[in-house]
>>> print(open('query_26.cif').read())   # mmCIF, C-alpha atoms
data_upload
loop_
_atom_site.label_atom_id
_atom_site.label_comp_id
_atom_site.auth_asym_id
_atom_site.auth_seq_id
_atom_site.Cartn_x
_atom_site.Cartn_y
_atom_site.Cartn_z
CA MET A 1 103.75 -9.82 -22.26
CA ILE A 2 103.67 -6.04 -22.48
CA TYR A 3 100.67 -3.72 -22.78
CA LEU A 4 100.68 -0.60 -24.90
CA THR A 5 97.94 2.03 -24.75
CA ARG A 6 97.14 4.71 -27.26
CA ARG A 7 94.72 7.52 -26.41
CA ALA A 8 92.52 9.53 -28.80
CA GLU A 9 89.73 12.03 -28.40
CA PHE A 10 86.54 12.61 -30.30
CA SER A 11 83.45 14.73 -29.80
CA ALA A 12 79.96 13.52 -30.58
CA SER A 13 76.34 13.94 -29.61
CA HIS A 14 73.75 11.32 -28.73
CA VAL A 15 70.31 10.78 -27.25
CA TYR A 16 69.18 7.87 -25.07
CA HIS A 17 65.79 6.64 -26.24
CA ASN A 18 64.22 3.20 -26.56
CA PRO A 19 61.24 3.20 -28.96
CA ASP A 20 59.83 0.14 -27.14
CA LEU A 21 59.31 2.24 -24.01
CA SER A 22 56.67 4.93 -23.49
CA PRO A 23 57.77 8.61 -23.42
CA GLU A 24 57.27 8.55 -19.62
CA GLU A 25 59.36 5.42 -19.18
CA ASN A 26 62.10 6.83 -21.42
CA ARG A 27 62.27 9.94 -19.28
CA ARG A 28 62.30 7.93 -16.08
CA VAL A 29 65.04 5.54 -17.21
CA PHE A 30 67.26 7.96 -19.11
CA GLY A 31 66.53 11.30 -17.41
CA LYS A 32 68.23 14.30 -19.02
CA CYS A 33 69.89 12.00 -21.56
CA ASN A 34 66.44 11.51 -23.16
CA ASN A 35 66.29 15.14 -24.41
CA PRO A 36 65.12 14.54 -28.03
CA HIS A 37 67.63 16.90 -29.62
CA GLY A 38 70.54 15.14 -27.98
CA HIS A 39 73.55 16.43 -26.13
CA GLY A 40 77.28 15.97 -26.56
CA HIS A 41 80.49 14.85 -24.92
CA ASN A 42 84.21 14.98 -25.48
CA TYR A 43 85.03 11.29 -25.43
CA THR A 44 88.48 9.90 -24.70
CA VAL A 45 89.17 6.41 -25.94
CA GLU A 46 92.13 4.35 -24.78
CA VAL A 47 93.07 1.37 -26.89
CA THR A 48 95.32 -1.17 -25.18
CA VAL A 49 97.06 -3.91 -27.14
CA ALA A 50 99.10 -6.76 -25.70
CA GLY A 51 102.06 -8.57 -27.14
CA GLU A 52 105.72 -9.49 -26.84
CA VAL A 53 108.52 -7.05 -27.54
CA ASN A 54 109.99 -7.61 -30.98
CA PRO A 55 113.74 -8.16 -30.33
CA THR A 56 114.71 -6.36 -33.54
CA THR A 57 112.74 -3.15 -32.99
CA GLY A 58 112.30 -3.18 -29.21
CA MET A 59 108.63 -2.37 -29.83
CA VAL A 60 105.44 -4.35 -29.34
CA LEU A 61 103.97 -2.88 -32.53
CA ASP A 62 104.39 0.02 -34.90
CA LEU A 63 102.45 2.88 -33.28
CA LYS A 64 101.72 4.41 -36.67
CA ASP A 65 99.74 1.32 -37.66
CA LEU A 66 97.62 1.52 -34.51
CA LYS A 67 97.07 5.25 -34.96
CA LYS A 68 96.03 4.74 -38.58
CA VAL A 69 93.48 2.03 -37.76
CA LEU A 70 92.06 4.04 -34.87
CA GLU A 71 91.73 7.06 -37.14
CA SER A 72 90.13 5.23 -40.06
CA GLU A 73 87.84 2.86 -38.13
CA VAL A 74 86.72 4.96 -35.17
CA LEU A 75 87.51 8.66 -35.38
CA GLN A 76 86.39 9.16 -38.97
CA LEU A 77 83.17 7.35 -38.15
CA MET A 78 82.30 9.01 -34.85
CA ASP A 79 84.10 12.35 -34.50
CA HIS A 80 81.77 15.33 -34.76
CA ARG A 81 78.74 13.13 -35.43
CA PHE A 82 75.28 12.67 -34.00
CA LEU A 83 75.81 9.02 -33.13
CA ASN A 84 72.14 7.94 -33.31
CA LYS A 85 71.64 9.35 -36.79
CA GLU A 86 75.05 9.04 -38.41
CA VAL A 87 76.64 5.82 -37.15
CA PRO A 88 74.85 2.77 -38.58
CA ALA A 89 75.34 0.59 -35.47
CA PHE A 90 73.34 3.11 -33.41
CA ALA A 91 70.33 3.27 -35.69
CA THR A 92 68.87 0.43 -33.63
CA LYS A 93 71.11 0.33 -30.56
CA ILE A 94 71.23 3.08 -27.92
CA PRO A 95 74.66 4.82 -28.03
CA THR A 96 75.38 4.55 -24.32
CA THR A 97 79.02 4.66 -23.32
CA GLU A 98 78.78 0.90 -22.75
CA ASN A 99 77.53 0.26 -26.29
CA ILE A 100 80.02 2.67 -27.88
CA ALA A 101 82.88 0.83 -26.15
CA LEU A 102 81.54 -2.52 -27.39
CA GLU A 103 81.21 -1.09 -30.91
CA ILE A 104 84.75 0.31 -30.88
CA TRP A 105 86.04 -3.10 -29.82
CA LYS A 106 84.15 -4.72 -32.72
CA LEU A 107 85.45 -2.16 -35.22
CA LEU A 108 89.06 -2.54 -34.12
CA ALA A 109 89.31 -6.25 -33.31
CA SER A 110 88.88 -7.30 -36.95
CA LYS A 111 91.38 -4.72 -38.22
CA LEU A 112 94.19 -5.20 -35.72
CA ASP A 113 95.89 -8.13 -37.39
CA PHE A 114 99.29 -6.92 -36.18
CA ALA A 115 98.49 -6.91 -32.44
CA ARG A 116 96.12 -8.46 -29.93
CA LEU A 117 93.47 -6.07 -28.66
CA HIS A 118 93.39 -6.23 -24.85
CA ARG A 119 91.08 -3.47 -23.64
CA ILE A 120 88.94 -0.57 -24.75
CA ARG A 121 88.51 2.13 -22.13
CA LEU A 122 86.08 4.88 -23.03
CA TYR A 123 85.68 8.05 -20.97
CA GLU A 124 82.42 9.94 -21.39
CA THR A 125 83.58 12.49 -18.81
CA PRO A 126 86.69 12.49 -16.59
CA ASP A 127 84.51 10.97 -13.85
CA LEU A 128 82.87 8.20 -15.84
CA TYR A 129 84.37 5.46 -17.96
CA VAL A 130 83.75 1.90 -19.08
CA ASP A 131 86.21 -0.91 -19.75
CA TYR A 132 85.67 -3.81 -22.13
CA TYR A 133 88.02 -6.76 -22.49
CA GLY A 134 86.15 -8.60 -25.24
CA ASP A 135 84.50 -11.23 -23.04
CA MET B 1 81.08 -8.40 -19.31
CA ILE B 2 81.62 -4.66 -19.21
CA TYR B 3 83.19 -2.62 -16.42
CA LEU B 4 81.84 0.81 -15.56
CA THR B 5 83.76 3.15 -13.29
CA ARG B 6 82.50 6.27 -11.60
CA ARG B 7 84.70 8.73 -9.73
CA TYR B 8 83.69 10.52 -6.49
CA ARG B 9 85.45 12.87 -4.10
CA PHE B 10 85.39 13.42 -0.37
CA ALA B 11 87.59 15.16 2.17
CA ALA B 12 88.39 13.86 5.64
CA SER B 13 91.03 13.97 8.31
CA HIS B 14 92.70 11.11 10.12
CA ARG B 15 95.54 10.19 12.41
CA LEU B 16 97.55 7.03 11.98
CA HIS B 17 98.12 5.66 15.45
CA SER B 18 97.98 2.15 16.88
CA ASP B 19 97.24 1.57 20.55
CA ALA B 20 99.19 -1.68 20.27
CA LEU B 21 102.43 0.27 19.70
CA SER B 22 104.44 2.50 22.03
CA ALA B 23 104.62 6.25 21.44
CA GLU B 24 108.11 5.84 19.94
CA GLU B 25 107.04 2.98 17.71
CA ASN B 26 104.00 4.93 16.51
CA ALA B 27 106.22 7.87 15.64
CA ARG B 28 108.67 5.58 13.85
CA VAL B 29 106.04 3.59 11.88
CA TYR B 30 103.68 6.40 10.92
CA GLY B 31 106.02 9.41 10.84
CA LYS B 32 104.21 12.70 10.16
CA CYS B 33 100.90 10.83 9.96
CA ASN B 34 101.13 10.20 13.70
CA ASN B 35 100.76 13.92 14.50
CA PRO B 36 98.26 13.86 17.43
CA TYR B 37 95.95 16.47 15.94
CA GLY B 38 95.57 14.60 12.67
CA HIS B 39 95.73 15.90 9.12
CA GLY B 40 93.48 15.70 6.07
CA HIS B 41 93.23 14.55 2.48
CA ASN B 42 91.05 15.05 -0.57
CA TYR B 43 90.23 11.45 -1.34
CA VAL B 44 89.23 10.35 -4.84
CA LEU B 45 87.13 7.21 -4.91
CA GLU B 46 86.64 5.07 -8.03
CA VAL B 47 83.82 2.55 -7.84
CA THR B 48 83.80 -0.12 -10.58
CA VAL B 49 80.74 -2.26 -11.28
CA ALA B 50 80.72 -5.15 -13.76
CA GLY B 51 77.95 -6.93 -15.62
CA GLU B 52 76.32 -7.41 -18.99
CA VAL B 53 74.75 -4.56 -20.98
CA ASP B 54 70.95 -4.58 -20.65
CA PRO B 55 69.65 -4.66 -24.26
CA ALA B 56 66.61 -2.52 -23.38
CA THR B 57 68.60 0.39 -21.92
CA GLY B 58 72.09 -0.12 -23.34
CA MET B 59 73.37 0.35 -19.80
CA VAL B 60 75.16 -1.94 -17.37
CA TYR B 61 74.07 -0.09 -14.23
CA ASP B 62 71.69 2.78 -13.54
CA LEU B 63 74.03 5.68 -12.79
CA GLY B 64 71.43 7.45 -10.68
CA ALA B 65 71.09 4.40 -8.44
CA LEU B 66 74.88 4.04 -8.21
CA ASP B 67 75.31 7.71 -7.27
CA GLN B 68 72.58 7.43 -4.65
CA THR B 69 74.09 4.36 -3.01
CA VAL B 70 77.61 5.81 -2.96
CA GLU B 71 76.28 9.11 -1.63
CA LEU B 72 74.36 7.39 1.15
CA GLU B 73 76.85 4.69 2.14
CA VAL B 74 80.15 6.46 1.62
CA LEU B 75 80.02 10.21 1.06
CA GLU B 76 77.51 11.03 3.79
CA ARG B 77 79.41 8.77 6.17
CA PHE B 78 82.98 9.93 5.50
CA ASP B 79 82.90 13.40 3.89
CA HIS B 80 84.14 16.24 6.10
CA ILE B 81 84.70 14.20 9.23
CA HIS B 82 87.63 13.13 11.37
CA LEU B 83 87.77 9.43 10.52
CA ASN B 84 89.19 8.30 13.90
CA LEU B 85 86.71 10.28 15.98
CA ASP B 86 83.57 10.42 13.84
CA ALA B 87 83.43 7.06 12.05
CA GLU B 88 82.36 4.08 14.16
CA ARG B 89 84.59 1.63 12.26
CA PHE B 90 87.77 3.57 12.96
CA ARG B 91 87.38 3.91 16.69
CA THR B 92 89.19 0.57 16.92
CA GLN B 93 90.94 0.29 13.56
CA VAL B 94 93.66 2.56 12.16
CA PRO B 95 92.09 4.60 9.30
CA THR B 96 94.88 4.01 6.81
CA THR B 97 93.78 4.33 3.22
CA GLU B 98 94.13 0.54 2.95
CA ASN B 99 91.58 0.01 5.73
CA LEU B 100 89.31 2.75 4.40
CA CYS B 101 89.38 1.19 0.92
CA ILE B 102 88.40 -2.23 2.34
CA GLU B 103 85.69 -0.62 4.51
CA ILE B 104 84.17 1.19 1.51
CA TYR B 105 84.16 -2.07 -0.47
CA SER B 106 82.42 -3.87 2.42
CA LEU B 107 79.80 -1.11 2.74
CA LEU B 108 79.05 -1.00 -0.98
CA ARG B 109 79.15 -4.68 -1.95
CA PRO B 110 75.83 -5.79 -0.36
CA LYS B 111 74.02 -2.53 -1.23
CA LEU B 112 74.99 -2.54 -4.89
CA GLU B 113 73.83 -6.14 -5.25
CA ALA B 114 70.60 -5.31 -3.45
CA ASP B 115 69.89 -2.60 -6.02
CA GLY B 116 68.64 -5.40 -8.29
CA GLN B 117 70.20 -4.07 -11.47
CA PRO B 118 69.52 -5.94 -14.70
CA GLY B 119 72.34 -8.00 -16.18
CA SER B 120 73.39 -9.14 -12.69
CA ALA B 121 75.78 -6.21 -12.27
CA ARG B 122 77.94 -6.38 -9.16
CA LEU B 123 80.65 -4.38 -7.44
CA ALA B 124 83.97 -5.36 -9.05
CA SER B 125 86.47 -3.16 -7.23
CA VAL B 126 87.09 -0.01 -5.24
CA ARG B 127 90.09 2.22 -5.85
CA LEU B 128 90.91 4.96 -3.38
CA GLU B 129 93.38 7.76 -4.01
CA GLU B 130 94.75 9.44 -0.90
CA THR B 131 96.87 11.86 -2.94
CA ASN B 132 97.74 12.07 -6.62
CA SER B 133 100.68 9.78 -5.93
CA ASN B 134 99.11 7.20 -3.61
CA PHE B 135 96.27 4.85 -4.31
CA PHE B 136 94.91 1.52 -3.16
CA GLU B 137 92.62 -0.95 -4.86
CA TYR B 138 90.50 -3.75 -3.42
CA ALA B 139 88.32 -6.31 -5.16
CA GLY B 140 87.28 -8.36 -2.13
CA GLY B 141 89.17 -11.18 -0.39
CA SER B 142 91.94 -12.59 -2.54
CA GLU B 143 90.45 -11.34 -5.80
CA THR B 144 92.79 -9.42 -8.08
CA PRO B 145 91.34 -6.24 -9.53
CA LYS B 146 90.91 -6.56 -13.28
CA ALA B 147 94.24 -5.75 -14.98
CA ARG B 148 94.34 -2.04 -15.64
#
>>> encode(input="query_26.cif", output="structure tokens")
Amino acid sequence: MIYLTRRAEFSASHVYHNPDLSPEENRRVFGKCNNPHGHGHNYTVEVTVAGEVNPTTGMVLDLKDLKKVLESEVLQLMDHRFLNKEVPAFATKIPTTENIALEIWKLLASKLDFARLHRIRLYETPDLYVDYYGD
Amino acid sequence: MIYLTRRYRFAASHRLHSDALSAEENARVYGKCNNPYGHGHNYVLEVTVAGEVDPATGMVYDLGALDQTVELEVLERFDHIHLNLDAERFRTQVPTTENLCIEIYSLLRPKLEADGQPGSARLASVRLEETNSNFFEYAGGSETPKAR
């Protein structure tokens, strides 16, 4: 088994706010991230797929295919967007880094018929990232 | 299950020396690190917690609480000190980065569980970089850190 990782970057803004909580509770739980006009990050996403090396090509998958799916399913949807307002999944779900990673997994898992998705790693800043393995 | 990792930095000095070894053996085993006056590193610490995402907050662990615990248990204890002379634990144990990594895990594990985070988040692993080229990772006992 070999693991291949492709990295991509996108920039987006978001706000952390739960309508079920009072304004005071929202501020307490989410702090600065509750600023109503939002704030932004340069996200780095790492997509890792797992598989066996194809003896004919010496590759685990065609990188172009992975790049294309990442571009069409994730970057086009999230790059330079206000996640809460412009990405349907975050109309009702708070776009925390955790939830964005889960959403990216969901978006990619169904499209990657040529490889097995192993991990999504999403950096919000160089000092903060989440990993999701689909379980 | 989602894994969240936060990166912290601290600087400390240490000397690798074992009282159980002769002066020659110490010099042979630890090389430059046995220099009697010690030397220092900028350590980079990665703390990984794991749990389920809390549907109310969308978060697996309150970052403020995590920062506070790491600040109190690790950074205040180890930042800008001489590990052999100023840290209780390393009066009797060689402060290699292996031992420091295990010590940080042991300090954090009970505190992070005591934080009472939703989604039963827990400490998953500690990764400690001594330099850009050297790092160690510990997930407790015989546990293997989640494949990277």
>>> resolve_selection(input="query_26.cif", expression="the PyMOL selection byres ((chain A and resi 67-73) around 12)", output="PyMOL selection string")
chain A and resi 5-10+45-48+61-66+74-79+87+103-115+117+120
>>> resolve_selection(input="query_26.cif", expression="the PyMOL selection byres ((chain B) within 12 of (chain A))", output="NGL selection string")
:B and (1-9 or 44-67 or 124 or 146-148)
>>> resolve_selection(input="query_26.cif", expression="the PyMOL selection byres ((chain B and resi 84) around 8)", output="number ranges by chain")
B: 14-15, 82-83, 85-87, 90-91, 94-95
>>> residues_near_point(input="query_26.cif", point="(89.3, -8.4, -2.6)", cutoff="12 Å", atoms="all atoms listed in the file", output="mmCIF file with C-alpha atoms, in the frame of the given file")
data_model
loop_
_atom_site.group_PDB
_atom_site.id
_atom_site.type_symbol
_atom_site.label_atom_id
_atom_site.label_comp_id
_atom_site.auth_asym_id
_atom_site.auth_seq_id
_atom_site.Cartn_x
_atom_site.Cartn_y
_atom_site.Cartn_z
ATOM 1 C CA GLU B 98 94.130 0.540 2.950
ATOM 2 C CA CYS B 101 89.380 1.190 0.920
ATOM 3 C CA ILE B 102 88.400 -2.230 2.340
ATOM 4 C CA GLU B 103 85.690 -0.620 4.510
ATOM 5 C CA ILE B 104 84.170 1.190 1.510
ATOM 6 C CA TYR B 105 84.160 -2.070 -0.470
ATOM 7 C CA SER B 106 82.420 -3.870 2.420
ATOM 8 C CA ARG B 109 79.150 -4.680 -1.950
ATOM 9 C CA LEU B 123 80.650 -4.380 -7.440
ATOM 10 C CA ALA B 124 83.970 -5.360 -9.050
ATOM 11 C CA SER B 125 86.470 -3.160 -7.230
ATOM 12 C CA VAL B 126 87.090 -0.010 -5.240
ATOM 13 C CA ARG B 127 90.090 2.220 -5.850
ATOM 14 C CA PHE B 136 94.910 1.520 -3.160
ATOM 15 C CA GLU B 137 92.620 -0.950 -4.860
ATOM 16 C CA TYR B 138 90.500 -3.750 -3.420
ATOM 17 C CA ALA B 139 88.320 -6.310 -5.160
ATOM 18 C CA GLY B 140 87.280 -8.360 -2.130
ATOM 19 C CA GLY B 141 89.170 -11.180 -0.390
ATOM 20 C CA SER B 142 91.940 -12.590 -2.540
ATOM 21 C CA GLU B 143 90.450 -11.340 -5.800
ATOM 22 C CA THR B 144 92.790 -9.420 -8.080
ATOM 23 C CA PRO B 145 91.340 -6.240 -9.530
ATOM 24 C CA LYS B 146 90.910 -6.560 -13.280
#
>>> residues_near_point(input="query_26.cif", point="(75.5, 9.1, -32.6)", cutoff="7 Å", atoms="only C-alpha atoms", output="NGL selection string")
:A and (12-14 or 81-87 or 90 or 95)
>>> atom_distance(input="query_26.cif", atom1="CA of Asn35 in chain B", atom2="CA of His17 in chain B")
8.7 Å
>>> closest_residue(input="query_26.cif", among="A:His41, A:Glu124, A:Ala91, A:Ile2", to="Asn54 in chain A", atoms="all atoms listed in the file")
A:Ile2
>>> atom_distance(input="query_26.cif", atom1="CA of Gly31 in chain B", atom2="CA of Ala11 in chain B")
21.2 Å
>>> residues_around(input="query_26.cif", residues="Phe10 in chain B", least_positions_apart="4", cutoff="9 Å", atoms="all atoms listed in the file", output="list in words")
His41, Asn42, Tyr43, Val44, Leu45, Val74, Leu75, Phe78, Asp79 and His80 of chain B
>>> axis_aligned_box(input="query_26.cif", around="range 88-91 of chain A", padding_each_side="8 Å", output="JSON")
{"center_x": 72.8, "center_y": 1.9, "center_z": -36.0, "size_x": 21.0, "size_y": 18.7, "size_z": 21.2}
